[in-house]
>>> print(open('upload_11.cif').read())   # mmCIF, C-alpha atoms and all ligand atoms
data_query
#
loop_
_atom_site.label_atom_id
_atom_site.label_comp_id
_atom_site.auth_asym_id
_atom_site.auth_seq_id
_atom_site.Cartn_x
_atom_site.Cartn_y
_atom_site.Cartn_z
CA MET V 9 20.96 -10.75 27.86
CA ALA V 10 22.00 -8.91 24.69
CA ARG V 11 25.11 -10.33 23.10
CA SER V 12 27.23 -7.91 21.15
CA SER V 13 27.85 -10.68 18.60
CA ASP V 14 24.08 -10.92 17.93
CA PRO V 15 23.18 -9.63 14.47
CA ILE V 16 20.87 -6.76 13.68
CA LEU V 17 17.79 -8.22 11.97
CA ILE V 18 16.25 -6.74 8.82
CA SER V 19 12.84 -7.61 7.44
CA GLY V 20 12.60 -7.09 3.64
CA GLY V 21 15.18 -7.26 0.87
CA GLY V 22 14.04 -4.49 -1.48
CA ILE V 23 16.23 -1.49 -2.25
CA GLY V 24 15.84 -0.18 1.33
CA GLY V 25 16.61 -3.47 3.09
CA LEU V 26 19.68 -4.30 1.02
CA ILE V 27 21.31 -0.88 1.30
CA THR V 28 20.64 -0.87 5.05
CA ALA V 29 22.26 -4.28 5.44
CA TYR V 30 25.28 -3.14 3.45
CA CYS V 31 25.70 0.17 5.33
CA LEU V 32 25.50 -1.53 8.76
CA ALA V 33 27.99 -4.22 7.71
CA ASP V 34 30.25 -1.52 6.34
CA LYS V 35 30.37 -0.09 9.88
CA GLY V 36 31.25 -3.51 11.30
CA PHE V 37 27.83 -4.74 12.47
CA PRO V 38 26.68 -8.30 11.61
CA VAL V 39 23.29 -8.35 9.90
CA ARG V 40 20.70 -11.05 9.07
CA LEU V 41 18.23 -10.06 6.36
CA PHE V 42 14.99 -11.95 5.67
CA GLU V 43 13.12 -11.64 2.38
CA GLN V 44 9.75 -13.29 1.91
CA SER V 45 10.17 -13.93 -1.86
CA PRO V 46 12.02 -17.02 -3.09
CA GLU V 47 14.66 -14.81 -4.70
CA PHE V 48 15.94 -11.23 -4.52
CA ARG V 49 14.25 -9.47 -7.40
CA GLU V 50 12.96 -6.04 -8.46
CA VAL V 51 10.12 -5.41 -10.87
CA GLY V 52 11.06 -4.50 -14.45
CA ALA V 53 10.85 -0.74 -14.55
CA GLY V 54 12.97 2.36 -14.46
CA ILE V 55 13.84 4.59 -11.57
CA GLN V 56 15.20 8.14 -11.50
CA LEU V 57 18.07 8.96 -9.20
CA GLY V 58 18.58 12.52 -8.03
CA PRO V 59 21.96 13.90 -6.92
CA ASN V 60 21.00 13.35 -3.29
CA ILE V 61 21.22 9.56 -3.66
CA PHE V 62 24.63 9.81 -5.37
CA ARG V 63 25.92 11.93 -2.46
CA MET V 64 24.98 9.03 -0.15
CA LEU V 65 26.31 6.33 -2.46
CA GLU V 66 29.64 8.11 -2.78
CA LYS V 67 29.92 8.13 1.00
CA VAL V 68 29.52 4.35 1.19
CA GLY V 69 31.53 3.52 -1.93
CA LEU V 70 28.68 2.36 -4.20
CA LYS V 71 28.33 5.35 -6.54
CA ASP V 72 30.38 3.85 -9.39
CA ALA V 73 28.59 0.50 -9.12
CA VAL V 74 25.22 2.22 -9.58
CA LEU V 75 26.40 4.60 -12.29
CA ALA V 76 27.93 1.73 -14.29
CA ASP V 77 24.55 0.64 -15.69
CA ALA V 78 22.74 3.96 -15.45
CA HIS V 79 21.90 6.36 -18.26
CA ARG V 80 22.79 10.05 -17.78
CA PRO V 81 20.00 12.10 -19.42
CA PRO V 82 21.12 15.47 -20.82
CA ALA V 83 17.89 17.18 -19.73
CA GLN V 84 14.41 16.83 -18.33
CA GLU V 85 11.56 18.29 -20.36
CA MET V 86 7.94 18.95 -19.52
CA ARG V 87 5.62 19.19 -22.53
CA ASP V 88 1.91 19.82 -22.91
CA ALA V 89 0.31 16.50 -23.90
CA LEU V 90 -2.55 18.21 -25.77
CA THR V 91 -0.48 20.65 -27.87
CA GLY V 92 3.04 19.21 -27.78
CA LYS V 93 4.37 22.59 -26.65
CA LEU V 94 7.54 22.68 -24.54
CA ILE V 95 6.71 23.98 -21.03
CA THR V 96 10.18 23.79 -19.50
CA ARG V 97 13.57 22.17 -20.13
CA ILE V 98 15.98 21.63 -17.23
CA PRO V 99 19.56 20.73 -18.25
CA LEU V 100 20.88 17.74 -16.26
CA GLY V 101 24.41 17.67 -17.67
CA ASP V 102 27.61 19.34 -16.51
CA ASP V 103 26.00 22.54 -15.18
CA PHE V 104 23.60 20.48 -13.09
CA ALA V 105 26.40 18.28 -11.74
CA ALA V 106 28.52 21.34 -10.98
CA HIS V 107 25.63 22.99 -9.12
CA PHE V 108 24.71 19.97 -6.96
CA GLY V 109 28.13 18.32 -6.84
CA GLN V 110 26.55 15.07 -8.09
CA PRO V 111 24.97 13.80 -11.32
CA TYR V 112 21.41 12.88 -12.29
CA GLY V 113 20.82 9.31 -13.46
CA VAL V 114 18.10 6.94 -14.58
CA THR V 115 18.45 3.19 -14.17
CA HIS V 116 16.62 -0.11 -14.24
CA ARG V 117 15.33 -0.99 -10.77
CA ALA V 118 16.92 -4.43 -11.15
CA ASP V 119 20.32 -2.79 -11.81
CA ILE V 120 20.45 -0.67 -8.64
CA HIS V 121 18.91 -3.52 -6.62
CA GLY V 122 21.51 -5.87 -8.16
CA ALA V 123 24.36 -3.50 -7.22
CA PHE V 124 23.13 -3.40 -3.61
CA LEU V 125 22.66 -7.20 -3.56
CA LYS V 126 26.21 -7.77 -4.81
CA ALA V 127 27.61 -5.40 -2.17
CA CYS V 128 25.80 -7.45 0.50
CA GLU V 129 26.94 -10.78 -0.97
CA ASP V 130 30.54 -9.53 -0.95
CA SER V 131 30.35 -8.73 2.76
CA ASP V 132 31.24 -11.35 5.36
CA LEU V 133 28.95 -9.65 7.84
CA VAL V 134 25.67 -9.92 5.88
CA THR V 135 23.58 -13.11 5.90
CA LEU V 136 20.81 -13.10 3.28
CA GLU V 137 17.84 -15.46 3.60
CA THR V 138 15.06 -15.84 1.03
CA SER V 139 11.61 -17.49 1.35
CA ARG V 140 11.60 -16.20 4.91
CA ARG V 141 8.66 -14.04 5.85
CA VAL V 142 8.81 -12.24 9.18
CA ASP V 143 5.43 -13.00 10.75
CA ASP V 144 5.89 -11.67 14.26
CA PHE V 145 8.39 -10.06 16.60
CA THR V 146 8.94 -9.58 20.32
CA ASP V 147 11.11 -6.88 21.84
CA HIS V 148 12.59 -8.27 25.06
CA GLY V 149 14.15 -4.97 26.06
CA ASP V 150 17.74 -6.05 25.55
CA HIS V 151 17.20 -8.15 22.42
CA VAL V 152 14.55 -8.93 19.81
CA THR V 153 13.19 -12.25 18.55
CA ILE V 154 11.27 -12.74 15.32
CA LYS V 155 9.03 -15.57 14.18
CA LEU V 156 9.38 -16.74 10.57
CA ASN V 157 6.87 -18.39 8.24
CA ASN V 158 8.74 -21.74 8.39
CA GLY V 159 8.22 -21.92 12.14
CA GLU V 160 11.79 -20.92 13.06
CA THR V 161 12.67 -18.04 15.31
CA ALA V 162 15.68 -15.74 15.04
CA ARG V 163 17.30 -13.56 17.63
CA GLY V 164 19.05 -10.24 17.20
CA ARG V 165 20.02 -7.02 18.94
CA ALA V 166 17.36 -5.07 17.10
CA LEU V 167 14.93 -5.20 14.16
CA ILE V 168 14.79 -2.80 11.21
CA ALA V 169 11.60 -3.10 9.17
CA CYS V 170 12.23 -2.49 5.48
CA ASP V 171 9.09 -4.35 4.50
CA GLY V 172 7.60 -1.67 2.30
CA MET V 173 4.28 0.11 1.82
CA TRP V 174 2.15 -2.66 3.42
CA SER V 175 4.56 -3.23 6.34
CA MET V 176 3.28 -5.66 8.96
CA ILE V 177 5.74 -4.26 11.47
CA ARG V 178 4.49 -0.69 10.94
CA GLU V 179 0.99 -1.90 11.72
CA ARG V 180 2.27 -3.19 15.07
CA LEU V 181 4.41 -0.12 15.82
CA VAL V 182 2.26 2.72 14.50
CA GLY V 183 -1.13 1.10 13.81
CA ASP V 184 -2.32 3.58 11.20
CA GLY V 185 -4.09 1.01 9.02
CA LYS V 186 -3.85 0.64 5.27
CA PRO V 187 -2.04 3.15 3.05
CA ARG V 188 -4.01 6.07 1.52
CA VAL V 189 -5.15 5.27 -2.01
CA SER V 190 -4.30 8.34 -4.08
CA GLY V 191 -6.76 7.70 -6.91
CA HIS V 192 -3.88 7.62 -9.39
CA ILE V 193 -2.68 4.55 -11.27
CA ALA V 194 0.67 4.03 -13.00
CA TYR V 195 1.02 1.71 -16.00
CA ARG V 196 4.58 0.84 -16.84
CA ALA V 197 6.46 -1.01 -19.55
CA VAL V 198 10.04 -1.36 -20.79
CA LEU V 199 10.92 -1.55 -24.49
CA LYS V 200 14.14 -2.55 -26.19
CA ARG V 201 15.76 0.42 -27.87
CA GLU V 202 15.21 -1.08 -31.34
CA ASP V 203 11.46 -1.28 -30.65
CA VAL V 204 11.20 2.49 -30.11
CA PRO V 205 10.49 4.35 -33.37
CA GLU V 206 13.66 6.26 -34.26
CA ASP V 207 11.90 9.65 -34.44
CA LEU V 208 10.45 9.16 -30.93
CA TRP V 209 13.60 8.02 -29.13
CA ARG V 210 15.03 10.78 -26.94
CA PRO V 211 18.01 10.70 -24.55
CA ASP V 212 16.17 13.01 -22.12
CA VAL V 213 13.58 12.38 -19.41
CA ILE V 214 10.38 13.58 -21.11
CA LEU V 215 7.19 14.23 -19.14
CA TRP V 216 3.97 14.81 -21.12
CA ALA V 217 1.62 16.67 -18.78
CA GLY V 218 -2.07 16.19 -19.66
CA PRO V 219 -5.40 16.79 -17.94
CA ARG V 220 -5.47 14.26 -15.07
CA THR V 221 -2.68 12.28 -16.76
CA HIS V 222 1.00 12.33 -17.34
CA PHE V 223 3.31 10.13 -19.37
CA VAL V 224 7.06 9.83 -18.77
CA HIS V 225 9.72 8.13 -20.87
CA TYR V 226 13.49 7.82 -20.73
CA PRO V 227 16.29 5.38 -21.70
CA LEU V 228 17.64 2.78 -19.27
CA ARG V 229 20.65 0.49 -18.95
CA ARG V 230 23.26 2.54 -20.81
CA GLY V 231 20.59 3.36 -23.42
CA GLU V 232 19.76 -0.27 -24.34
CA LEU V 233 16.21 -0.12 -22.95
CA TYR V 234 13.42 2.46 -22.88
CA ASN V 235 11.17 3.03 -19.87
CA LEU V 236 7.54 4.15 -20.20
CA VAL V 237 5.19 5.15 -17.36
CA ALA V 238 1.64 6.37 -17.99
CA VAL V 239 -0.27 7.75 -14.99
CA PHE V 240 -4.00 8.56 -14.84
CA HIS V 241 -6.78 9.06 -12.33
CA SER V 242 -8.79 5.97 -11.36
CA ASP V 243 -10.53 4.51 -8.29
CA HIS V 244 -9.15 1.03 -8.92
CA TYR V 245 -7.39 -0.51 -5.90
CA GLU V 246 -5.19 -3.58 -5.87
CA GLU V 247 -2.32 -4.28 -3.46
CA GLY V 248 1.12 -4.99 -4.86
CA TRP V 249 3.18 -3.72 -7.72
CA ASN V 250 2.88 -6.15 -10.55
CA ALA V 251 -0.72 -6.74 -11.69
CA GLU V 252 -1.48 -6.57 -15.42
CA GLY V 253 -3.20 -3.34 -16.49
CA ALA V 254 -6.12 -3.29 -18.98
CA LYS V 255 -4.98 -1.46 -22.12
CA ASP V 256 -8.40 -0.08 -23.09
CA VAL V 257 -8.88 1.54 -19.66
CA MET V 258 -5.61 3.43 -20.06
CA TRP V 259 -6.34 4.34 -23.67
CA GLN V 260 -9.52 6.25 -22.71
CA HIS V 261 -7.33 8.72 -20.81
CA PHE V 262 -4.68 9.28 -23.49
CA LYS V 263 -6.34 8.84 -26.90
CA MET V 264 -6.84 12.59 -27.44
CA GLN V 265 -3.17 13.43 -26.80
CA VAL V 266 -0.48 14.32 -29.35
CA PRO V 267 0.83 11.56 -31.69
CA GLN V 268 4.21 11.48 -29.89
CA VAL V 269 2.26 10.15 -26.90
CA THR V 270 -0.29 7.90 -28.61
CA ARG V 271 2.22 6.34 -31.01
CA MET V 272 4.49 5.41 -28.12
CA LEU V 273 1.62 3.99 -26.04
CA GLU V 274 0.48 1.89 -29.01
CA ARG V 275 3.84 0.08 -29.00
CA ILE V 276 3.06 -1.67 -25.71
CA GLU V 277 1.25 -5.00 -25.63
CA THR V 278 1.37 -5.71 -21.92
CA TRP V 279 1.31 -3.08 -19.20
CA ARG V 280 2.09 -3.68 -15.53
CA MET V 281 0.10 -1.66 -13.06
CA TRP V 282 0.82 0.12 -9.79
CA VAL V 283 -2.07 1.53 -7.75
CA LEU V 284 -0.38 4.56 -6.24
CA CYS V 285 -0.62 4.95 -2.46
CA ASP V 286 1.09 6.91 0.28
CA ARG V 287 0.58 7.76 3.93
CA GLU V 288 0.42 10.83 6.11
CA PRO V 289 3.88 11.76 7.43
CA ILE V 290 4.59 10.72 11.03
CA LYS V 291 7.42 11.69 13.38
CA ASP V 292 7.68 8.59 15.54
CA TRP V 293 8.36 5.25 13.87
CA THR V 294 10.68 3.73 16.52
CA LYS V 295 9.73 1.69 19.56
CA GLY V 296 12.44 0.17 21.76
CA ASN V 297 14.75 -1.87 19.57
CA VAL V 298 12.53 -1.78 16.48
CA THR V 299 12.43 0.89 13.78
CA LEU V 300 11.11 1.42 10.25
CA LEU V 301 12.96 2.46 7.09
CA GLY V 302 12.10 3.39 3.49
CA ASP V 303 8.51 2.87 2.33
CA ALA V 304 7.63 1.22 5.65
CA ALA V 305 8.42 4.53 7.41
CA HIS V 306 7.38 7.18 4.87
CA PRO V 307 5.73 5.85 1.70
CA MET V 308 5.32 8.60 -0.88
CA LEU V 309 3.83 9.11 -4.30
CA GLN V 310 6.41 8.84 -7.07
CA TYR V 311 5.99 12.37 -8.45
CA LEU V 312 9.34 13.58 -7.10
CA ALA V 313 11.00 10.26 -8.00
CA GLN V 314 12.41 9.96 -4.49
CA GLY V 315 11.16 6.83 -2.63
CA ALA V 316 14.29 4.77 -3.29
CA CYS V 317 16.51 7.84 -2.87
CA MET V 318 14.97 8.50 0.56
CA ALA V 319 15.37 4.83 1.58
CA THR V 320 19.06 5.08 0.69
CA GLU V 321 19.48 8.32 2.64
CA ASP V 322 17.75 6.60 5.59
CA ALA V 323 20.17 3.66 5.42
CA VAL V 324 23.33 5.76 5.39
CA ILE V 325 22.15 7.99 8.23
CA LEU V 326 20.84 5.08 10.31
CA ALA V 327 24.20 3.29 10.02
CA ASP V 328 25.99 6.50 11.10
CA LYS V 329 23.76 6.75 14.17
CA VAL V 330 24.24 3.07 15.07
CA ALA V 331 28.00 3.50 14.78
CA ALA V 332 27.84 6.57 17.01
CA SER V 333 25.80 4.76 19.67
CA PRO V 334 26.64 1.05 19.28
CA ASP V 335 25.63 0.09 22.82
CA ASP V 336 22.25 1.81 22.80
CA LEU V 337 20.37 1.02 19.61
CA ASN V 338 17.16 2.60 20.82
CA ALA V 339 19.04 5.90 21.17
CA ALA V 340 20.57 5.37 17.72
CA PHE V 341 17.14 4.68 16.16
CA LYS V 342 15.65 7.74 17.85
CA ALA V 343 18.50 9.93 16.58
CA TYR V 344 18.02 8.54 13.05
CA GLN V 345 14.28 9.21 13.13
CA GLN V 346 14.83 12.71 14.51
CA GLU V 347 17.15 13.54 11.64
CA ARG V 348 14.85 12.05 8.99
CA TYR V 349 11.22 12.80 9.73
CA LEU V 350 11.01 16.41 8.53
CA ARG V 351 12.91 15.79 5.31
CA THR V 352 10.95 12.64 4.45
CA GLY V 353 7.66 14.26 5.53
CA ARG V 354 8.34 17.26 3.32
CA THR V 355 9.06 14.94 0.39
CA GLN V 356 5.82 13.00 1.01
CA ILE V 357 3.81 16.23 1.02
CA MET V 358 5.58 17.86 -1.92
CA ALA V 359 5.18 14.69 -4.00
CA ARG V 360 1.41 15.14 -3.73
CA VAL V 361 1.72 18.79 -4.78
CA TYR V 362 3.81 17.84 -7.82
CA GLY V 363 1.18 15.24 -8.78
CA GLU V 364 -1.50 17.97 -8.82
CA PHE V 365 0.81 20.15 -10.86
CA TYR V 366 1.53 17.47 -13.48
CA HIS V 367 -2.18 16.66 -13.88
CA ALA V 368 -3.47 20.25 -13.98
CA ARG V 369 -6.38 21.16 -16.28
CA GLY V 370 -7.74 24.42 -17.69
CA VAL V 371 -6.65 27.56 -15.85
CA ALA V 372 -4.36 25.59 -13.55
CA ALA V 373 -2.53 24.19 -16.61
CA GLU V 374 -2.16 27.70 -18.04
CA LEU V 375 -0.78 28.92 -14.72
CA ARG V 376 1.68 26.03 -14.71
CA GLU V 377 2.95 27.08 -18.11
CA MET V 378 3.18 30.71 -17.05
CA ALA V 379 5.13 29.79 -13.91
CA LEU V 380 7.58 27.41 -15.56
CA SER V 381 8.16 28.54 -19.11
CA GLY V 382 10.25 31.61 -18.32
CA ARG V 383 12.47 29.97 -15.72
CA SER V 384 16.23 29.81 -16.24
CA PRO V 385 18.08 26.56 -15.44
CA GLN V 386 19.56 28.33 -12.42
CA GLN V 387 16.07 29.17 -11.12
CA SER V 388 15.00 25.55 -11.64
CA TYR V 389 18.02 24.32 -9.68
CA GLU V 390 17.30 26.74 -6.84
CA GLY V 391 13.66 25.60 -6.73
CA ILE V 392 14.70 22.01 -5.99
CA GLU V 393 17.73 22.83 -3.83
CA TRP V 394 15.93 21.72 -0.63
CA LEU V 395 15.71 18.19 -2.05
CA TYR V 396 18.72 17.69 -4.30
CA GLY V 397 21.05 19.70 -2.06
CA GLY V 398 20.50 17.38 0.93
CA PRO V 399 20.63 15.59 3.15
C1 LIG Z 1 5.46 4.02 -10.31
C2 LIG Z 1 6.58 4.26 -9.34
C3 LIG Z 1 7.70 4.93 -9.75
C4 LIG Z 1 8.73 5.20 -8.86
N1 LIG Z 1 9.81 5.91 -9.29
C5 LIG Z 1 10.80 6.19 -8.42
C6 LIG Z 1 11.92 6.96 -8.87
O1 LIG Z 1 11.99 7.36 -10.03
N2 LIG Z 1 12.92 7.23 -7.96
C7 LIG Z 1 12.85 6.77 -6.65
O2 LIG Z 1 13.79 7.05 -5.89
N3 LIG Z 1 11.79 6.08 -6.22
C8 LIG Z 1 10.77 5.76 -7.06
N4 LIG Z 1 9.71 5.02 -6.63
C9 LIG Z 1 9.65 4.61 -5.21
C10 LIG Z 1 10.49 3.38 -4.90
O3 LIG Z 1 10.22 2.36 -5.82
C11 LIG Z 1 10.19 2.89 -3.51
O4 LIG Z 1 10.15 3.96 -2.61
C12 LIG Z 1 11.27 1.92 -3.05
O5 LIG Z 1 11.36 0.83 -3.92
C13 LIG Z 1 10.95 1.43 -1.64
O6 LIG Z 1 11.88 0.47 -1.27
P1 LIG Z 1 11.67 -0.35 0.08
O7 LIG Z 1 12.82 -1.28 0.14
O8 LIG Z 1 11.41 0.58 1.21
O9 LIG Z 1 10.31 -1.16 -0.13
P2 LIG Z 1 9.95 -2.30 -1.18
O10 LIG Z 1 10.64 -2.10 -2.47
O11 LIG Z 1 8.47 -2.43 -1.17
O12 LIG Z 1 10.59 -3.62 -0.55
C14 LIG Z 1 9.99 -4.29 0.52
C15 LIG Z 1 10.52 -5.73 0.52
O13 LIG Z 1 10.11 -6.36 1.71
C16 LIG Z 1 9.61 -7.66 1.43
N5 LIG Z 1 8.66 -7.98 2.52
C17 LIG Z 1 7.46 -7.43 2.76
N6 LIG Z 1 6.93 -7.95 3.87
C18 LIG Z 1 7.84 -8.85 4.36
C19 LIG Z 1 7.87 -9.70 5.51
N7 LIG Z 1 6.85 -9.72 6.40
N8 LIG Z 1 8.96 -10.49 5.70
C20 LIG Z 1 9.99 -10.47 4.81
N9 LIG Z 1 10.01 -9.70 3.70
C21 LIG Z 1 8.95 -8.88 3.49
C22 LIG Z 1 8.99 -7.51 0.06
O14 LIG Z 1 8.87 -8.75 -0.62
C23 LIG Z 1 9.99 -6.56 -0.63
O15 LIG Z 1 11.06 -7.26 -1.22
C24 LIG Z 1 8.65 4.74 -7.50
C25 LIG Z 1 7.53 4.04 -7.09
C26 LIG Z 1 6.50 3.79 -7.98
C27 LIG Z 1 5.30 3.05 -7.49
#
>>> encode(input="upload_11.cif", output="structure tokens", more="lines below")
Ligand SMILES: Cc1cc2nc3c(=O)[nH]c(=O)nc-3n(C[C@H](O)[C@H](O)[C@H](O)COP(=O)(O)OP(=O)(O)OC[C@H]3O[C@@H](n4cnc5c(N)ncnc54)[C@H](O)[C@@H]3O)c2cc1C
Amino acid sequence: MARSSDPILISGGGIGGLITAYCLADKGFPVRLFEQSPEFREVGAGIQLGPNIFRMLEKVGLKDAVLADAHRPPAQEMRDALTGKLITRIPLGDDFAAHFGQPYGVTHRADIHGAFLKACEDSDLVTLETSRRVDDFTDHGDHVTIKLNNGETARGRALIACDGMWSMIRERLVGDGKPRVSGHIAYRAVLKREDVPEDLWRPDVILWAGPRTHFVHYPLRRGELYNLVAVFHSDHYEEGWNAEGAKDVMWQHFKMQVPQVTRMLERIETWRMWVLCDREPIKDWTKGNVTLLGDAAHPMLQYLAQGACMATEDAVILADKVAASPDDLNAAFKAYQQERYLRTGRTQIMARVYGEFYHARGVAAELREMALSGRSPQQSYEGIEWLYGGP
């Protein structure tokens, strides 16, 4: 028999798992979250936060906590990596905030993850458990049990899988195999502000678009750090998000680019590597009392900078649905999925399109410049309204 005092179980304590735990607790539901790693930790890299995530964070009272460590870039620029020419500049300051009703921010992944972790730790209703990998689950119809790597079992009303791109639970629920390898690799590094040459430091988000490459940089942590991400085409495949990347391999793709790019890349001794993957969008990721959230449900390429934003939107909407249907969690999960799948699917698909756009060569690159260079800020805002104006 289901007991209303049973917790809701969450597998995975990344950005998606922690914000889900917090949002459910905020609505009065006890939660037990299991993270396989020995501690709650995010990799050292930056993350961009569109106004859509701040709309959600404001709703659940965490906007100020996230903004406290964030940097607010005045603008986003796209430049041609072969000529240095400005392709487009989108202001992200007061006009942007007035248009979308929320700001744009960039932050260290550890800072937003830390803000979500603290919110969970401050809640009496969230139990956090590390070194606990969820190895199996059984849905008994009126409750769920999970099997952990230490041999224990845990029981709950339902299970929410926030276990990321390589989700074991998705494999059981959806069974669509491994993620799609995009053929793009991201190398990332974080510098201290004093290690960035003064003439190269910029407060903006700068994207250098090159043939089959792009390079992004922006400040982090109230301007104390500087985030660098270099993306290029490669067939390399390695699971996970933290392998070391070979410098010479990356250099082959960037060495002919403008000095603003090559001088910055030369500053980095050790790069960390992400092999970029996604999946085809699906519309059904719930079965009985088990559902997926964040990258487990809709992993996307990073070209719209939205994976963590979408996980946060998921969490807020899922908690709303659970609160609206507390005695029927399957109905709540179905309602959550129904509200999410088109928006997340559109973001997955459009992220691929943006990737093609950033990496354009030859005529396609000229067309990109023609399409973007004459646009007013207002036109740029309208072009991204579908994403930043929601959910
Ligand atoms: C290069 C790059 C740049 C990006 N930039 C942005 C950006 O600018 N803006 C943005 O919004 N998004 C960005 N993203 C996407 C964003 O990082 C992800 O979408 C987001 O972190 C997904 O969070 P998640 O919690 O769903 O999954 P994850 O962060 O993968 O967390 C999953 C967690 O589950 C744990 N886990 C896995 N299996 C188990 C198990 N069986 N039992 C227990 N625990 C388990 C893992 O250890 C991990 O802690 C970027 C991604 C990349 C690769």
>>> closest_residue(input="upload_11.cif", among="V:Gly353, V:Gly159, V:Gly69, V:Gly363", to="Asp143 of chain V", atoms="all atoms listed in the file")
V:Gly159
>>> residues_near_ligand(input="upload_11.cif", ligand="ligand LIG 1 (chain Z)", cutoff="7 Å", atoms="all atoms listed in the file", output="PyMOL selection string")
chain V and resi 19-25+42-45+54-57+140-143+170-173+175-176+194+282+284+301-304+307-310+313-319
>>> residues_around(input="upload_11.cif", residues="segment 260-273 of chain V", least_positions_apart="4", cutoff="8 Å", atoms="only C-alpha atoms", output="PDB file with C-alpha atoms, keeping the file's coordinate frame")
ATOM      1  CA  ALA V  89       0.310  16.500 -23.900  1.00  0.00           C
ATOM      2  CA  LEU V  90      -2.550  18.210 -25.770  1.00  0.00           C
ATOM      3  CA  THR V  91      -0.480  20.650 -27.870  1.00  0.00           C
ATOM      4  CA  GLY V  92       3.040  19.210 -27.780  1.00  0.00           C
ATOM      5  CA  VAL V 204      11.200   2.490 -30.110  1.00  0.00           C
ATOM      6  CA  LEU V 208      10.450   9.160 -30.930  1.00  0.00           C
ATOM      7  CA  TRP V 216       3.970  14.810 -21.120  1.00  0.00           C
ATOM      8  CA  GLY V 218      -2.070  16.190 -19.660  1.00  0.00           C
ATOM      9  CA  THR V 221      -2.680  12.280 -16.760  1.00  0.00           C
ATOM     10  CA  PHE V 223       3.310  10.130 -19.370  1.00  0.00           C
ATOM     11  CA  PHE V 240      -4.000   8.560 -14.840  1.00  0.00           C
ATOM     12  CA  ASP V 256      -8.400  -0.080 -23.090  1.00  0.00           C
TER      13      ASP V 256
END
>>> closest_residue(input="upload_11.cif", among="V:Leu75, V:Ile95, V:Ala197, V:Leu41", to="Glu374 of chain V", atoms="all atoms listed in the file")
V:Ile95
>>> closest_residue(input="upload_11.cif", among="V:Val152, V:Thr161, V:Val361, V:Tyr366", to="Ala238 of chain V", atoms="all atoms listed in the file")
V:Tyr366
>>> closest_residue(input="upload_11.cif", among="V:Arg348, V:Phe62, V:Pro38, V:Arg229", to="Asp119 of chain V", atoms="all atoms listed in the file")
V:Arg229
>>> axis_aligned_box(input="upload_11.cif", around="segment 116-119 of chain V", padding_each_side="3 Å", output="lines of an AutoDock Vina configuration file")
center_x = 17.8
center_y = -2.3
center_z = -12.5
size_x = 11.0
size_y = 10.3
size_z = 9.5
>>> residues_near_point(input="upload_11.cif", point="(7.7, -4.2, 15.6)", cutoff="10 Å", atoms="all atoms listed in the file", output="VMD selection string")
chain V and resid 144 to 147 152 154 166 to 169 175 to 182 293 to 300
>>> closest_residue(input="upload_11.cif", among="V:Ala327, V:Ala106, V:Leu100, V:Ala217", to="Asp34 of chain V", atoms="all atoms listed in the file")
V:Ala327
>>> closest_residue(input="upload_11.cif", among="V:Leu70, V:Met86, V:Asp184, V:Phe108", to="Glu377 of chain V", atoms="only C-alpha atoms")
V:Met86
>>> residues_around(input="upload_11.cif", residues="Glu232 of chain V", least_positions_apart="6", cutoff="9 Å", atoms="all atoms listed in the file", output="list in words")
Leu199, Lys200, Arg201 and Glu202 of chain V
